[in-house]
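Structure file input.csv (CSV, C-alpha atoms) follows.
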chain,number,residue,atom,x,y,z
A,1019,MET,CA,34.5,-6.4,-4.8
A,1020,VAL,CA,32.6,-3.5,-5.9
A,1021,THR,CA,34.7,-2.9,-9.0
A,1022,ILE,CA,34.5,-6.6,-9.9
A,1023,ARG,CA,30.7,-6.2,-9.9
A,1024,TYR,CA,30.7,-3.2,-12.2
A,1025,VAL,CA,33.2,-4.9,-14.6
A,1026,LEU,CA,30.9,-7.9,-14.7
A,1027,MET,CA,27.9,-5.7,-15.3
A,1028,LEU,CA,29.6,-3.9,-18.2
A,1029,LEU,CA,30.8,-7.2,-19.6
A,1030,CYS,CA,27.3,-8.7,-19.5
A,1031,ILE,CA,25.9,-5.8,-21.4
A,1032,VAL,CA,28.7,-5.0,-23.8
A,1033,LEU,CA,29.8,-8.5,-24.7
A,1034,PRO,CA,26.5,-9.6,-26.4
A,1035,ILE,CA,26.3,-6.3,-28.3
A,1036,VAL,CA,29.9,-6.4,-29.5
A,1037,LEU,CA,29.6,-10.1,-30.5
A,1038,ALA,CA,26.3,-9.3,-32.4
A,1039,PHE,CA,27.9,-6.4,-34.3
A,1040,LYS,CA,31.1,-8.2,-35.0
A,1041,HIS,CA,29.3,-11.2,-36.3
A,1042,GLY,CA,27.0,-9.1,-38.5
A,1043,ILE,CA,23.6,-8.2,-37.1
A,1044,SER,CA,21.6,-9.7,-39.9
A,1045,SER,CA,23.6,-12.8,-40.5
A,1046,PRO,CA,22.4,-16.2,-39.2
A,1047,ARG,CA,23.5,-17.0,-35.6
A,1048,LYS,CA,26.4,-19.4,-35.3
A,1049,LYS,CA,26.3,-22.5,-33.1
A,1050,TYR,CA,28.2,-20.9,-30.2
A,1051,TRP,CA,25.4,-18.3,-30.0
A,1052,VAL,CA,22.7,-20.9,-29.7
A,1053,ILE,CA,24.7,-22.8,-27.0
A,1054,THR,CA,25.5,-19.6,-25.0
A,1055,THR,CA,21.9,-18.6,-25.1
A,1056,PHE,CA,20.8,-22.0,-23.9
A,1057,ILE,CA,23.3,-22.1,-21.1
A,1058,LEU,CA,22.5,-18.6,-20.0
A,1059,VAL,CA,18.7,-19.0,-20.0
A,1060,THR,CA,18.9,-22.3,-18.2
A,1061,SER,CA,21.2,-21.0,-15.5
A,1062,VAL,CA,19.2,-17.8,-15.0
A,1063,ILE,CA,16.0,-19.7,-14.5
A,1064,TYR,CA,17.7,-22.3,-12.3
A,1065,PHE,CA,19.4,-19.7,-10.1
A,1066,THR,CA,16.2,-17.7,-9.9
A,1067,ILE,CA,13.8,-20.4,-8.8
A,1068,ILE,CA,16.0,-22.8,-6.8
A,1069,PRO,CA,18.0,-20.7,-4.2
A,1070,PRO,CA,16.4,-20.0,-0.9
A,1071,ILE,CA,15.7,-16.6,0.6
A,1072,SER,CA,17.3,-16.2,3.9
A,1073,GLY,CA,17.0,-13.6,6.7
A,1074,ASN,CA,18.8,-13.4,10.0
A,1075,PHE,CA,17.9,-14.1,13.6
A,1076,SER,CA,16.6,-10.6,14.3
A,1077,ASP,CA,14.1,-11.0,11.4
A,1078,ALA,CA,12.8,-14.2,12.9
A,1079,ARG,CA,12.6,-12.6,16.4
A,1080,ARG,CA,10.8,-9.5,15.1
A,1081,LEU,CA,8.3,-11.4,12.9
A,1082,SER,CA,7.5,-14.1,15.3
A,1083,ASN,CA,5.7,-11.6,17.5
A,1084,THR,CA,3.6,-9.9,14.8
A,1085,GLU,CA,0.0,-10.8,14.2
A,1086,ASP,CA,0.1,-11.8,10.6
A,1087,PHE,CA,3.0,-14.1,11.2
A,1088,LYS,CA,4.9,-15.5,8.3
A,1089,ASP,CA,7.7,-18.0,8.4
A,1090,VAL,CA,11.2,-16.6,8.2
A,1091,ASP,CA,14.0,-18.7,6.7
A,1092,VAL,CA,17.2,-18.0,8.6
A,1093,SER,CA,20.7,-18.8,7.3
A,1094,PHE,CA,23.3,-19.9,9.9
A,1095,ILE,CA,26.5,-21.9,10.3
A,1096,VAL,CA,26.3,-24.9,12.6
A,1097,SER,CA,29.1,-24.8,15.2
A,1098,GLU,CA,28.0,-27.5,17.6
A,1099,ILE,CA,25.3,-30.3,17.6
A,1100,VAL,CA,24.3,-31.9,20.9
A,1101,LEU,CA,21.8,-34.8,21.0
A,1102,ASN,CA,19.4,-34.9,23.8
A,1103,ASN,CA,16.7,-37.5,24.6
A,1104,GLU,CA,13.9,-35.5,23.1
A,1105,GLN,CA,15.6,-32.9,21.0
A,1106,VAL,CA,18.7,-31.7,19.1
A,1107,LEU,CA,20.4,-28.6,20.4
A,1108,ILE,CA,22.3,-26.7,17.8
A,1109,THR,CA,24.7,-23.8,18.4
A,1110,ALA,CA,24.4,-21.5,15.4
A,1111,ILE,CA,26.5,-18.6,14.2
A,1112,PRO,CA,24.8,-16.2,11.8
A,1113,SER,CA,26.5,-16.6,8.4
A,1114,GLU,CA,28.1,-13.6,7.0
A,1115,ILE,CA,26.1,-13.0,3.9
A,1116,PHE,CA,25.4,-9.4,3.0
A,1117,HIS,CA,21.8,-8.3,3.2
A,1118,PHE,CA,20.8,-4.8,2.6
A,1119,THR,CA,18.4,-4.8,5.6
A,1120,GLU,CA,20.9,-5.2,8.3
A,1121,LYS,CA,24.5,-5.4,7.2
A,1122,LYS,CA,26.0,-2.8,9.4
A,1123,ASN,CA,25.5,-4.6,12.7
A,1124,LEU,CA,26.2,-8.1,11.7
A,1125,GLU,CA,25.5,-10.3,14.7
A,1126,LYS,CA,28.6,-12.1,15.8
A,1127,ASN,CA,27.2,-13.9,18.9
A,1128,SER,CA,25.9,-17.4,18.7
A,1129,TYR,CA,22.3,-18.6,19.1
A,1130,THR,CA,20.8,-21.8,20.4
A,1131,VAL,CA,18.4,-23.5,18.0
A,1132,ILE,CA,16.2,-26.4,19.3
A,1133,SER,CA,15.1,-29.0,16.9
A,1134,PRO,CA,12.6,-31.8,17.5
A,1135,LYS,CA,13.9,-35.3,16.9
A,1136,SER,CA,11.6,-35.8,14.0
A,1137,ILE,CA,13.8,-33.7,11.8
A,1138,ASP,CA,16.6,-35.7,10.3
A,1139,PHE,CA,20.0,-34.3,11.2
A,1140,THR,CA,22.2,-37.1,10.0
A,1141,SER,CA,23.4,-35.4,6.8
A,1142,ILE,CA,24.3,-32.1,8.6
A,1143,GLU,CA,27.8,-31.7,10.0
A,1144,VAL,CA,29.6,-29.0,12.0
A,1145,GLY,CA,30.5,-26.1,9.7
A,1146,ASP,CA,27.6,-26.5,7.3
A,1147,ASN,CA,25.6,-23.5,6.2
A,1148,VAL,CA,22.0,-24.3,6.9
A,1149,VAL,CA,18.9,-22.4,5.8
A,1150,SER,CA,15.9,-23.3,7.9
A,1151,THR,CA,12.6,-22.0,9.1
A,1152,LEU,CA,12.8,-20.8,12.7
A,1153,ASN,CA,10.3,-19.8,15.3
A,1154,TYR,CA,11.3,-17.5,18.2
A,1155,ILE,CA,9.9,-18.3,21.6
A,1156,GLU,CA,10.0,-15.3,23.8
A,1157,GLU,CA,9.8,-17.0,27.2
A,1158,THR,CA,12.9,-19.1,26.9
A,1159,ASN,CA,14.7,-16.8,24.4
A,1160,THR,CA,15.3,-19.8,22.1
A,1161,TYR,CA,14.6,-20.6,18.5
A,1162,THR,CA,12.8,-23.8,17.4
A,1163,LEU,CA,13.5,-25.3,14.0
A,1164,LYS,CA,10.5,-26.0,11.9
A,1165,LYS,CA,11.9,-27.2,8.6
A,1166,ILE,CA,15.2,-27.4,6.9
A,1167,ILE,CA,15.1,-25.5,3.6
A,1168,ALA,CA,18.6,-26.0,2.2
A,1169,VAL,CA,22.0,-27.2,3.3
A,1170,ASN,CA,25.1,-25.3,1.9
A,1171,PRO,CA,23.2,-23.5,-0.8
A,1172,LEU,CA,25.3,-22.0,-3.6
A,1173,LEU,CA,23.3,-18.8,-3.5
A,1174,GLU,CA,21.0,-17.1,-1.1
A,1175,TYR,CA,18.6,-14.3,-1.9
A,1176,PRO,CA,18.1,-11.6,0.8
A,1177,PHE,CA,15.0,-11.7,2.9
A,1178,ILE,CA,12.8,-8.6,2.6
A,1179,GLU,CA,9.6,-8.7,4.5
A,1180,ALA,CA,7.4,-7.1,1.9
A,1181,LEU,CA,8.9,-9.0,-1.1
A,1182,GLN,CA,9.5,-12.6,0.1
A,1183,HIS,CA,10.3,-14.7,-2.9
A,1184,ARG,CA,9.1,-12.0,-5.2
A,1185,ILE,CA,12.6,-10.4,-4.9
A,1186,LYS,CA,13.6,-12.9,-7.6
A,1187,ASN,CA,11.3,-11.2,-10.1
A,1188,LEU,CA,14.1,-8.7,-10.4
A,1189,ASN,CA,15.9,-11.1,-12.7
A,1190,LEU,CA,12.9,-11.6,-14.9
A,1191,HIS,CA,11.4,-8.1,-15.1
A,1192,VAL,CA,14.1,-5.4,-15.1
A,1193,PRO,CA,16.4,-6.9,-17.8
A,1194,LEU,CA,13.5,-6.8,-20.3
A,1195,HIS,CA,13.4,-3.1,-20.1
A,1196,TRP,CA,17.2,-2.8,-20.3
A,1197,THR,CA,17.1,-5.0,-23.4
A,1198,SER,CA,14.4,-2.8,-25.0
A,1199,PHE,CA,16.5,0.3,-24.3
A,1200,ILE,CA,19.4,-1.4,-26.2
A,1201,ALA,CA,16.9,-2.3,-29.0
A,1202,TYR,CA,15.9,1.4,-29.4
A,1203,LEU,CA,19.6,2.3,-29.4
A,1204,VAL,CA,20.3,-0.2,-32.2
A,1205,SER,CA,17.4,1.3,-34.2
A,1206,LEU,CA,18.9,4.8,-33.7
A,1207,ILE,CA,22.3,3.7,-34.9
A,1208,PHE,CA,20.9,2.1,-38.1
A,1209,SER,CA,18.5,5.0,-38.7
A,1210,ILE,CA,21.4,7.4,-38.8
A,1211,LYS,CA,23.3,5.0,-41.0
A,1212,TYR,CA,20.3,4.9,-43.4
A,1213,LEU,CA,20.2,8.6,-43.7
A,1214,LYS,CA,23.9,8.7,-44.4
A,1215,HIS,CA,24.2,5.9,-46.9
A,1216,ASP,CA,20.7,5.5,-48.3
A,1217,ASN,CA,20.9,1.7,-48.0
A,1218,LEU,CA,17.4,0.1,-47.6
A,1219,GLU,CA,18.9,-2.8,-45.6
A,1220,ASP,CA,19.7,-0.3,-42.8
A,1221,ASP,CA,16.0,0.7,-42.7
A,1222,VAL,CA,15.0,-2.9,-42.4
A,1223,ILE,CA,17.3,-3.4,-39.5
A,1224,ALA,CA,16.1,-0.2,-37.8
A,1225,SER,CA,12.5,-1.2,-38.0
A,1226,SER,CA,13.1,-4.8,-36.9
A,1227,ALA,CA,15.1,-3.6,-33.9
A,1228,ILE,CA,12.1,-1.6,-32.8
A,1229,LYS,CA,9.7,-4.4,-33.4
A,1230,ILE,CA,11.6,-6.9,-31.3
A,1231,GLY,CA,12.2,-4.2,-28.7
A,1232,LEU,CA,8.5,-3.6,-28.4
A,1233,ILE,CA,8.0,-7.3,-27.7
A,1234,PHE,CA,10.4,-6.9,-24.7
A,1235,THR,CA,8.7,-3.7,-23.6
A,1236,ILE,CA,5.3,-5.3,-23.6
A,1237,LEU,CA,6.6,-8.4,-21.8
A,1238,GLY,CA,8.3,-6.2,-19.2
A,1239,THR,CA,5.1,-4.2,-18.6
A,1240,VAL,CA,3.0,-7.4,-18.3
A,1241,THR,CA,5.4,-9.0,-15.8
A,1242,GLY,CA,5.6,-5.8,-13.9
A,1243,MET,CA,1.8,-5.7,-13.7
A,1244,VAL,CA,1.7,-9.2,-12.2
A,1245,TRP,CA,4.3,-8.2,-9.7
A,1246,ALA,CA,2.4,-5.0,-8.9
A,1247,LYS,CA,-0.8,-6.9,-8.2
A,1248,PHE,CA,0.9,-8.8,-5.4
A,1249,ASN,CA,3.1,-5.9,-4.0
A,1250,TRP,CA,1.0,-2.8,-4.5
A,1251,GLY,CA,-2.5,-4.3,-4.7
A,1252,ALA,CA,-3.5,-3.4,-8.3
A,1253,TYR,CA,-2.3,-4.3,-11.8
A,1254,TRP,CA,-2.0,-0.7,-12.8
A,1255,ASN,CA,-1.2,2.1,-10.4
A,1256,TRP,CA,-0.2,5.0,-12.7
A,1257,ASP,CA,3.2,5.0,-11.1
A,1258,PRO,CA,5.7,7.4,-12.8
A,1259,ARG,CA,7.6,4.4,-14.2
A,1260,GLN,CA,4.5,2.7,-15.5
A,1261,THR,CA,3.2,5.9,-17.1
A,1262,THR,CA,6.5,6.7,-18.8
A,1263,ILE,CA,6.8,3.1,-20.2
A,1264,LEU,CA,3.3,3.4,-21.5
A,1265,VAL,CA,4.3,6.7,-23.3
A,1266,ILE,CA,7.4,4.9,-24.8
A,1267,MET,CA,5.2,2.1,-26.0
A,1268,LEU,CA,2.8,4.6,-27.6
A,1269,ILE,CA,5.6,6.4,-29.3
A,1270,TYR,CA,7.0,3.3,-30.8
A,1271,PHE,CA,3.5,2.0,-31.8
A,1272,ALA,CA,3.1,5.3,-33.6
A,1273,TYR,CA,6.4,4.5,-35.5
A,1274,PHE,CA,4.6,1.5,-37.1
A,1275,GLY,CA,1.5,3.5,-37.7
A,1276,LEU,CA,3.7,6.0,-39.6
A,1277,ARG,CA,5.5,3.2,-41.6
A,1278,ASN,CA,2.3,1.4,-42.6
A,1279,SER,CA,0.6,4.6,-43.8
A,1280,LEU,CA,3.1,5.3,-46.5
A,1281,ASP,CA,3.3,3.4,-49.8
A,1282,SER,CA,6.6,4.6,-51.3
A,1283,PHE,CA,9.6,2.6,-50.0
A,1284,GLU,CA,12.0,5.5,-50.1
A,1285,LYS,CA,9.6,7.9,-48.3
A,1286,LYS,CA,8.7,5.2,-45.7
A,1287,ALA,CA,12.4,4.6,-44.9
A,1288,LYS,CA,13.4,8.2,-44.8
A,1289,LEU,CA,10.5,9.4,-42.6
A,1290,SER,CA,10.7,6.5,-40.2
A,1291,ALA,CA,14.4,6.9,-39.8
A,1292,VAL,CA,13.9,10.5,-38.8
A,1293,TYR,CA,11.0,9.6,-36.5
A,1294,SER,CA,13.2,6.9,-34.9
A,1295,ILE,CA,16.0,9.4,-34.2
A,1296,VAL,CA,13.6,12.0,-32.8
A,1297,SER,CA,11.7,9.5,-30.6
A,1298,PHE,CA,14.9,8.0,-29.2
A,1299,ILE,CA,15.8,11.4,-27.7
A,1300,SER,CA,12.8,11.0,-25.4
A,1301,VAL,CA,13.7,7.4,-24.3
A,1302,PRO,CA,16.5,8.1,-21.8
A,1303,VAL,CA,14.4,10.9,-20.4
A,1304,LEU,CA,11.3,8.8,-20.0
A,1305,MET,CA,13.2,5.7,-18.8
A,1306,PHE,CA,15.9,7.0,-16.5
A,1307,ILE,CA,15.3,10.7,-15.6
A,1308,ILE,CA,11.6,11.3,-15.0
A,1309,PRO,CA,11.0,8.3,-12.8
A,1310,ARG,CA,13.8,9.4,-10.5
A,1311,LEU,CA,12.4,12.9,-10.2
A,1312,LEU,CA,9.0,11.9,-9.0
A,1313,PRO,CA,8.0,10.1,-5.8
A,1314,SER,CA,7.3,6.5,-7.0
A,1315,LEU,CA,6.3,3.1,-5.9
A,1316,HIS,CA,9.2,1.7,-7.7
A,1317,PRO,CA,12.5,1.8,-5.9
A,1318,GLY,CA,14.7,4.8,-6.8
A,1319,GLY,CA,12.0,7.5,-6.9
A,1320,LYS,CA,12.3,10.9,-5.3
A,1321,ASP,CA,13.1,10.8,-1.6
A,1322,ASP,CA,13.7,7.1,-1.7
A,1323,GLY,CA,16.5,6.0,0.5
A,1324,THR,CA,17.4,3.0,-1.6
A,1325,THR,CA,18.0,5.2,-4.7
A,1326,GLY,CA,17.4,2.4,-7.1
A,1327,PRO,CA,18.6,-1.1,-6.3
A,1328,VAL,CA,20.8,-1.7,-9.3
A,1329,LEU,CA,22.2,1.6,-10.7
A,1330,SER,CA,22.9,3.1,-7.3
A,1331,THR,CA,25.8,5.3,-6.5
A,1332,GLN,CA,26.1,3.2,-3.3
A,1333,ALA,CA,27.4,0.1,-4.9
A,1334,ASP,CA,26.9,-2.3,-2.0
A,1335,MET,CA,23.2,-1.5,-2.0
A,1336,VAL,CA,22.4,-4.8,-3.6
A,1337,ASP,CA,23.2,-8.2,-2.3
A,1338,SER,CA,26.1,-9.7,-4.3
A,1339,SER,CA,24.4,-12.9,-5.3
A,1340,LEU,CA,21.3,-11.0,-6.4
A,1341,ALA,CA,23.4,-8.7,-8.6
A,1342,PHE,CA,25.4,-11.5,-10.2
A,1343,ILE,CA,22.3,-13.4,-11.4
A,1344,PHE,CA,20.8,-10.1,-12.5
A,1345,TYR,CA,23.7,-9.4,-14.8
A,1346,LEU,CA,23.6,-12.9,-16.2
A,1347,SER,CA,19.9,-12.4,-16.9
A,1348,ILE,CA,20.7,-9.2,-18.8
A,1349,ALA,CA,23.2,-11.1,-21.0
A,1350,ALA,CA,20.6,-13.9,-21.5
A,1351,PHE,CA,17.9,-11.5,-22.7
A,1352,LEU,CA,20.4,-9.6,-24.9
A,1353,PHE,CA,21.5,-12.9,-26.6
A,1354,ILE,CA,17.8,-13.8,-27.2
A,1355,TYR,CA,17.2,-10.3,-28.5
A,1356,PHE,CA,20.0,-10.3,-31.1
A,1357,TRP,CA,18.9,-13.8,-32.2
A,1358,TYR,CA,15.3,-12.8,-32.7
A,1359,LEU,CA,16.5,-9.6,-34.4
A,1360,SER,CA,18.5,-11.6,-37.0
A,1361,ILE,CA,15.5,-13.9,-37.7
A,1362,GLU,CA,13.3,-10.9,-38.2
A,1363,ILE,CA,15.7,-9.0,-40.5
A,1364,ARG,CA,16.3,-12.1,-42.7
A,1365,GLN,CA,12.6,-12.7,-43.0
A,1366,LYS,CA,11.9,-9.1,-43.9
A,1367,MET,CA,14.7,-9.1,-46.5
A,1368,LEU,CA,13.2,-12.3,-48.1
A,1369,GLU,CA,9.8,-10.6,-48.2
A,1370,ASN,CA,11.3,-7.5,-49.9
A,1371,LYS,CA,13.1,-9.7,-52.4
A,1372,LEU,CA,10.0,-11.6,-53.3
A,1373,ARG,CA,8.0,-8.4,-53.7
A,1374,GLU,CA,10.7,-7.1,-56.1
A,1375,GLN,CA,10.4,-10.3,-58.1
A,1376,ASN,CA,6.6,-9.9,-58.4
A,1377,VAL,CA,6.9,-6.3,-59.6
B,1157,MET,CA,-6.1,-18.3,-6.4
B,1158,TYR,CA,-5.0,-14.8,-5.3
B,1159,ASN,CA,-4.6,-15.9,-1.7
B,1160,PHE,CA,-2.6,-19.0,-2.7
B,1161,LEU,CA,-0.2,-16.9,-4.9
B,1162,ASN,CA,0.0,-14.3,-2.1
B,1163,ASP,CA,1.0,-16.9,0.5
B,1164,ASN,CA,3.4,-18.8,-1.8
B,1165,SER,CA,5.3,-16.0,-3.4
B,1166,ILE,CA,7.6,-18.3,-5.3
B,1167,TYR,CA,4.7,-19.2,-7.6
B,1168,VAL,CA,4.4,-15.5,-8.6
B,1169,VAL,CA,8.0,-15.8,-9.8
B,1170,LEU,CA,7.0,-18.9,-11.8
B,1171,VAL,CA,4.0,-17.0,-13.3
B,1172,VAL,CA,6.4,-14.2,-14.3
B,1173,ALA,CA,8.9,-16.6,-15.9
B,1174,LEU,CA,6.1,-18.3,-17.8
B,1175,ILE,CA,4.8,-15.0,-19.1
B,1176,ASN,CA,8.3,-14.2,-20.5
B,1177,TRP,CA,8.5,-17.6,-22.0
B,1178,PHE,CA,5.0,-17.4,-23.5
B,1179,GLY,CA,5.7,-14.0,-25.0
B,1180,LEU,CA,8.8,-15.2,-26.8
B,1181,PHE,CA,7.0,-18.3,-27.9
B,1182,VAL,CA,4.2,-16.3,-29.5
B,1183,TYR,CA,6.8,-14.4,-31.5
B,1184,LEU,CA,8.2,-17.7,-32.8
B,1185,MET,CA,4.7,-18.9,-33.8
B,1186,ARG,CA,4.1,-15.6,-35.8
B,1187,THR,CA,7.4,-16.0,-37.5
B,1188,GLU,CA,6.6,-19.5,-38.4
B,1189,SER,CA,3.3,-18.6,-40.1
B,1190,LYS,CA,4.9,-15.7,-41.9
B,1191,LEU,CA,7.7,-17.9,-43.3
B,1192,ASN,CA,5.1,-20.4,-44.4
B,1193,ARG,CA,3.4,-17.7,-46.4
B,1194,LEU,CA,6.6,-16.5,-47.9
B,1195,GLU,CA,7.5,-20.1,-48.9
B,1196,LYS,CA,4.2,-20.5,-50.6
B,1197,GLN,CA,4.7,-17.2,-52.4
B,1198,TYR,CA,8.2,-18.3,-53.5
B,1199,SER,CA,7.0,-21.6,-54.9
B,1200,SER,CA,4.2,-19.9,-56.8
B,1201,ASN,CA,6.7,-17.3,-58.2
B,1202,ASN,CA,8.9,-20.2,-59.4
B,1203,LEU,CA,5.9,-21.8,-61.1
B,1204,LYS,CA,5.1,-18.5,-62.9
B,1205,SER,CA,8.7,-18.0,-64.1
B,1206,LYS,CA,8.8,-21.6,-65.4
B,1207,GLY,CA,5.6,-20.9,-67.3
B,1208,LYS,CA,7.2,-17.8,-68.9
B,1209,ASN,CA,10.2,-19.7,-69.9
B,1210,GLU,CA,8.2,-22.3,-71.7
This structure in structure tokens:
Amino acid sequence: MVTIRYVLMLLCIVLPIVLAFKHGISSPRKKYWVITTFILVTSVIYFTIIPPISGNFSDARRLSNTEDFKDVDVSFIVSEIVLNNEQVLITAIPSEIFHFTEKKNLEKNSYTVISPKSIDFTSIEVGDNVVSTLNYIEETNTYTLKKIIAVNPLLEYPFIEALQHRIKNLNLHVPLHWTSFIAYLVSLIFSIKYLKHDNLEDDVIASSAIKIGLIFTILGTVTGMVWAKFNWGAYWNWDPRQTTILVIMLIYFAYFGLRNSLDSFEKKAKLSAVYSIVSFISVPVLMFIIPRLLPSLHPGGKDDGTTGPVLSTQADMVDSSLAFIFYLSIAAFLFIYFWYLSIEIRQKMLENKLREQNV
Amino acid sequence: MYNFLNDNSIYVVLVVALINWFGLFVYLMRTESKLNRLEKQYSSNNLKSKGKNE
């Protein structure tokens, strides 16, 4: 299972890149590209918004007694339904879905869930996987059902008390930065190519790659700020990861400062190629190394037990369903990236051609 | 507003998704206006070259 996950991850990152290069990075996108992008984006948004988050019975028991009580959605399998005069008694077995909060002591015993008659149970059969909001009543050691959230959902996101539904932001925030890393890598490749072959087209590709990459970096930072407001209390916390991404942003803004300050095309291309190569050296350090060396609000900082939820050495750190949609999301953003990149390159080439005509 | 979003965390996900969509949309709008400018330039170039030929 673990190896399948890594193969899938590699496929989702490598496949868009290989297809883009094979196809010609500056050529117009073919129809299959458009269709794949559409399907990927639609499915990522659907599987991000729609699936429920589900905890287990101990989450409901623990949180029902706290002061700032929040509803907990519990996932269970119905093993018996008994109709009473006033209520429905359900025997529930916790469903075996992996959650990183409590997967080592999976509860095997069954629980009794009491549901008022007002909730419609006609569509639910024995053996169904039900996600529903439960309240724990300490006196009788029973759970009362408040609301049915989903029946037999295709996917369930893990319940984490501090994150709630915000866990789903993982699909919409992290892949943006991974995409921008690929963008800077593409720029590095074409900068080296330019210095080797002295072809102005390579320079156009390198600068466009950085431009679109910067869009993704900015979007990742803004989405991260919104998430930070609700999880950490402020939009900007000078967290190591936030600081390093700001530095990366400044480095690549300076790239355009350098480009626009020079008049000669040859000089502009040569200098910016060298700058792109030099600045890429700092990107892996700033993106992957420094945030792991310092104590951080992000997962995966120093002394953090979760060691980064995605690129962890402990592969089962992340819930399978969460990881699967996350990889799809990376593929979707990469497809969008290479699409935008080809648009940008073609437009720049056209601009250059027109300028030559005018001169 | 803050309290609402804090209690209904799924809407934070929606806001984040909309920010992504909006950012990509802004890029499309910029490209559109740039292409318009280039088209104008191209047609004026064509007019000039026609004038030269005559």
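The interface of chain A with chain B at 7 Å, considering only C-alpha atoms, consists of A:Gln1182, A:His1183, A:Arg1184, A:Lys1186, A:Asn1187, A:Leu1190, A:Leu1237, A:Thr1241, A:Phe1248, A:Glu1369, A:Leu1372.
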Practice problem: Would you work out the distance separating atom CA of A:Pro1034 from atom CA of A:Phe1306, expressed in Å to one decimal? | Solution: 22.0 Å
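With only C-alpha atoms as the atoms that count, the residue of A:Ala1341, A:Arg1259, A:Ser1198, A:Phe1274 with the shortest distance to A:Leu1304 is A:Arg1259.
Going from atom CA of A:Leu1340 to atom CA of A:His1191 covers 13.5 Å.
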Quiz prompt | Spatial neighbours of stretch 1350-1364 of chain A, max dist 7 Å, only C-alpha atoms, sep filter under 5 positions, as an NGL selection string | solution = :A and (1034 or 1038 or 1043-1047 or 1055 or 1058-1059 or 1193-1194 or 1197 or 1222-1223 or 1226-1227 or 1230)
Practice problem: Write out as a ChimeraX atom specification the residues lying within 6 Å of stretch 1174-1178 of chain A, counting only C-alpha atoms and excluding same-chain residues fewer than 4 positions away. | Solution: /A:1069-1073,1117,1182
Practice problem: Skip stretch 1280-1284 of chain A itself and residues of its chain fewer than 3 positions away, then list as a list in words all residues within 12 Å of it, counting only C-alpha atoms. | Solution: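 Using only C-alpha atoms, the neighbours found are Tyr1212, Leu1213, Asp1216, Asn1217, Leu1218, Glu1219, Asp1221, Val1222, Tyr1273, Phe1274, Gly1275, Leu1276, Arg1277, Ala1287, Lys1288, Leu1289, Ser1290, Ala1291, Asn1370, Arg1373 and Glu1374 of chain A.
Using only C-alpha atoms, the shortest contact distance between A:Leu1101 and any of A:Ile1057, A:Met1267, A:Ile1132, A:Met1243 is found at A:Ile1132.
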Quiz item: How many Å separate atom CA of A:Trp1051 from atom CA of A:Gly1242?
Solution: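 Straight-line distance from atom CA of A:Trp1051 to atom CA of A:Gly1242 works out to 28.4 Å.
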Self-check item: Residue contacts of stretch 1031-1033 of chain A (8 Å, all atoms listed in the file) excluding same-chain residues fewer than 2 positions away, as a PyMOL selection string
Solution: chain A and resi 1027-1029+1035-1037+1345+1348-1349+1352
File dump, residues just selected, C-alpha atoms, as a compact mmCIF listing (two decimals), in the coordinates of the input:
# COMPACT_ATOMS: atom_id res chain seq x y z
CA MET A 1027 27.90 -5.70 -15.30
CA LEU A 1028 29.60 -3.90 -18.20
CA LEU A 1029 30.80 -7.20 -19.60
CA ILE A 1035 26.30 -6.30 -28.30
CA VAL A 1036 29.90 -6.40 -29.50
CA LEU A 1037 29.60 -10.10 -30.50
CA TYR A 1345 23.70 -9.40 -14.80
CA ILE A 1348 20.70 -9.20 -18.80
CA ALA A 1349 23.20 -11.10 -21.00
CA LEU A 1352 20.40 -9.60 -24.90
Quiz item: Of the candidates A:Ala1252, A:Arg1023, A:Pro1258, A:Tyr1270, which one gets nearest to A:Gly1319 if we count all atoms listed in the file?
Solution: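 Among A:Ala1252, A:Arg1023, A:Pro1258, A:Tyr1270, it is A:Pro1258 that comes nearest to A:Gly1319.
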Quiz item: So which residues touch A:Trp1250 within 12 Å, counting all atoms listed in the file, skipping near sequence neighbours fewer than 4 positions away, as a list in words?
Solution: Ala1180, Leu1181, Gly1242, Met1243, Val1244, Trp1245, Ala1246, Trp1254, Asn1255, Trp1256, Asp1257, Ser1314, Leu1315 and His1316 of chain A; Asn1162 of chain B
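Minimum distance to A:Ser1297 across A:Tyr1253, A:Tyr1064, A:Phe1271, A:Phe1039 (counting all atoms listed in the file) occurs at A:Phe1271.
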